[in-house]
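Novice: Quick one: this structure, given as structure tokens, is what I'll be asking you about.
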Amino acid sequence: MNEKYLKSLSEEEKYILRDKGTEKPFSGVYNDFYDAGVFICRACKSPLYESNTKFNSGCGWPSFDDQIDGAINCYEDLSGGRVRTEICCAKCDGHLGHVFYGENLTIKNTRHCVNSLSIQFKAYKNLELLTLAGGNFWYLDKLYRNLTGVYLLHVGYMGGKIEHSTYEQVQSGKTNHSEVVQIYFEPSIISYRHILSVFFNHCIYLNKKLKLVNNWHKPIIYFNSKEQKEQAENLLSNHSAKASCLATIQLKAETVFFRAEEQHQNYINKKNV
Ligand SMILES: [Zn+2]
């Protein structure tokens, strides 16, 4: 690594990026972190990974299933008596971690296992966040994941009393959580109004299909601003005039979001059902 990239680094960052060290598992700030933005190299500030490629592999280090084009160089690594593929920043050659293939964790079947100390997160400021509950979250995920203007999407739990509930706990109905989808979208490309109109059609479909809805599947729009609340109220009252079943949709202030287990993320596409 060129000296100019080392100047601003702490000793522990140099240990990882220059000396190819590894931080302790589950110790890094980005291990359990899923905000919307880009991860850049901590040494040279070059963009490396989009946050919509980040997933929870359970390994204890930030995991990504794709890189920004041309951002990463790969090298054969025979250290420790194993054959692995080292990954380094293509611009400054700083050590990031290793890449593994064929683990079947995501559709791309790739895991870039990266030290938190090698990267830095920069949040995207142009995105808006919206959280919805309505039926099984696998289907909400499928409904929104590929819409143009939706940058990032997670399924998870909101509104209950127990922190970090499991899927089984939520399904028992005892935690009071809703199954939700949390959508980061770009309002200049897709409007809040459009996202809600898709949601209303989904709720009309659910109402026809399911007569008994579990508590954790009840339709709720979680708002996180006064503007979102007012817009949702107006849209809901307009649409309810045409479809009375929509009057059962509740409006609630957003509470803490707990990301669901990785197997539930992008579930329908992964299972190809
Ligand atoms: Zn770099």
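Starting from 1 in every chain, residues are counted up; chains themselves are A, B, ... following the order of the structure tokens, and ligands are numbered from 1 as listed.
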Residues within 8 Å of ligand 1 (only C-alpha atoms and all ligand atoms), as number ranges by chain?
Specialist: A: 5, 40-46, 88-94
Novice: Taking a cut-off of 8 Å and counting only C-alpha atoms, can you build a table that, for each residue of region 90-187 of chain A near region 245-261 of chain A, reports the nearest atom pair and how far apart they are in Å (one decimal), sorted by chain then residue number, as JSON lines?
Specialist:
{"residue": "A:Thr131", "atom": "CA", "partner": "A:Glu254", "partner_atom": "CA", "distance": 7.5}
{"residue": "A:His154", "atom": "CA", "partner": "A:Arg259", "partner_atom": "CA", "distance": 6.6}
{"residue": "A:Val155", "atom": "CA", "partner": "A:Ala260", "partner_atom": "CA", "distance": 5.8}
{"residue": "A:Gly156", "atom": "CA", "partner": "A:Ala260", "partner_atom": "CA", "distance": 4.2}
{"residue": "A:Tyr157", "atom": "CA", "partner": "A:Phe258", "partner_atom": "CA", "distance": 5.2}
{"residue": "A:Met158", "atom": "CA", "partner": "A:Phe257", "partner_atom": "CA", "distance": 5.1}
{"residue": "A:Gly159", "atom": "CA", "partner": "A:Thr255", "partner_atom": "CA", "distance": 5.9}
{"residue": "A:Glu163", "atom": "CA", "partner": "A:Phe258", "partner_atom": "CA", "distance": 7.4}
{"residue": "A:His164", "atom": "CA", "partner": "A:Phe258", "partner_atom": "CA", "distance": 5.9}
{"residue": "A:Ser165", "atom": "CA", "partner": "A:Phe258", "partner_atom": "CA", "distance": 7.7}
{"residue": "A:Thr166", "atom": "CA", "partner": "A:Ala260", "partner_atom": "CA", "distance": 7.3}
{"residue": "A:Tyr167", "atom": "CA", "partner": "A:Ala260", "partner_atom": "CA", "distance": 7.1}
Novice: Which one of A:Cys113, A:Lys7, A:Asn73, A:Glu179 sits closest to Phe55 (chain A) if you count only C-alpha atoms?
Specialist: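 Under the stated criterion, the closest residue is A:Cys113.
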Novice: When DSSP is applied to the backbone of this structure, which of region 32-214 of chain A are assigned alpha helix (DSSP H)? Write them out as an MDAnalysis selection string.
Specialist: chainID A and resid 137:145 167:171 192:209
Novice: So how many Å separate CA of Leu153 (chain A) and CA of Phe137 (chain A), to one decimal?
Specialist: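 Interatomic distance, CA of Leu153 (chain A) to CA of Phe137 (chain A): 11.3 Å.
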Novice: From a DSSP pass on the backbone, collect the residues of region 49-187 of chain A flagged as strand (DSSP E) and hand them back as a ChimeraX atom specification.
Specialist: /A:49-50,54-55,63-64,72-77,84-89,95-101,110-114,119-123,128-133,150-158,178-185
Novice: Using only C-alpha atoms, find the one residue out of A:Ile87, A:Tyr30, A:Gly37, A:Ser79 that sits nearest to Trp61 (chain A).
Specialist: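 Among A:Ile87, A:Tyr30, A:Gly37, A:Ser79, it is A:Tyr30 that comes nearest to Trp61 (chain A).
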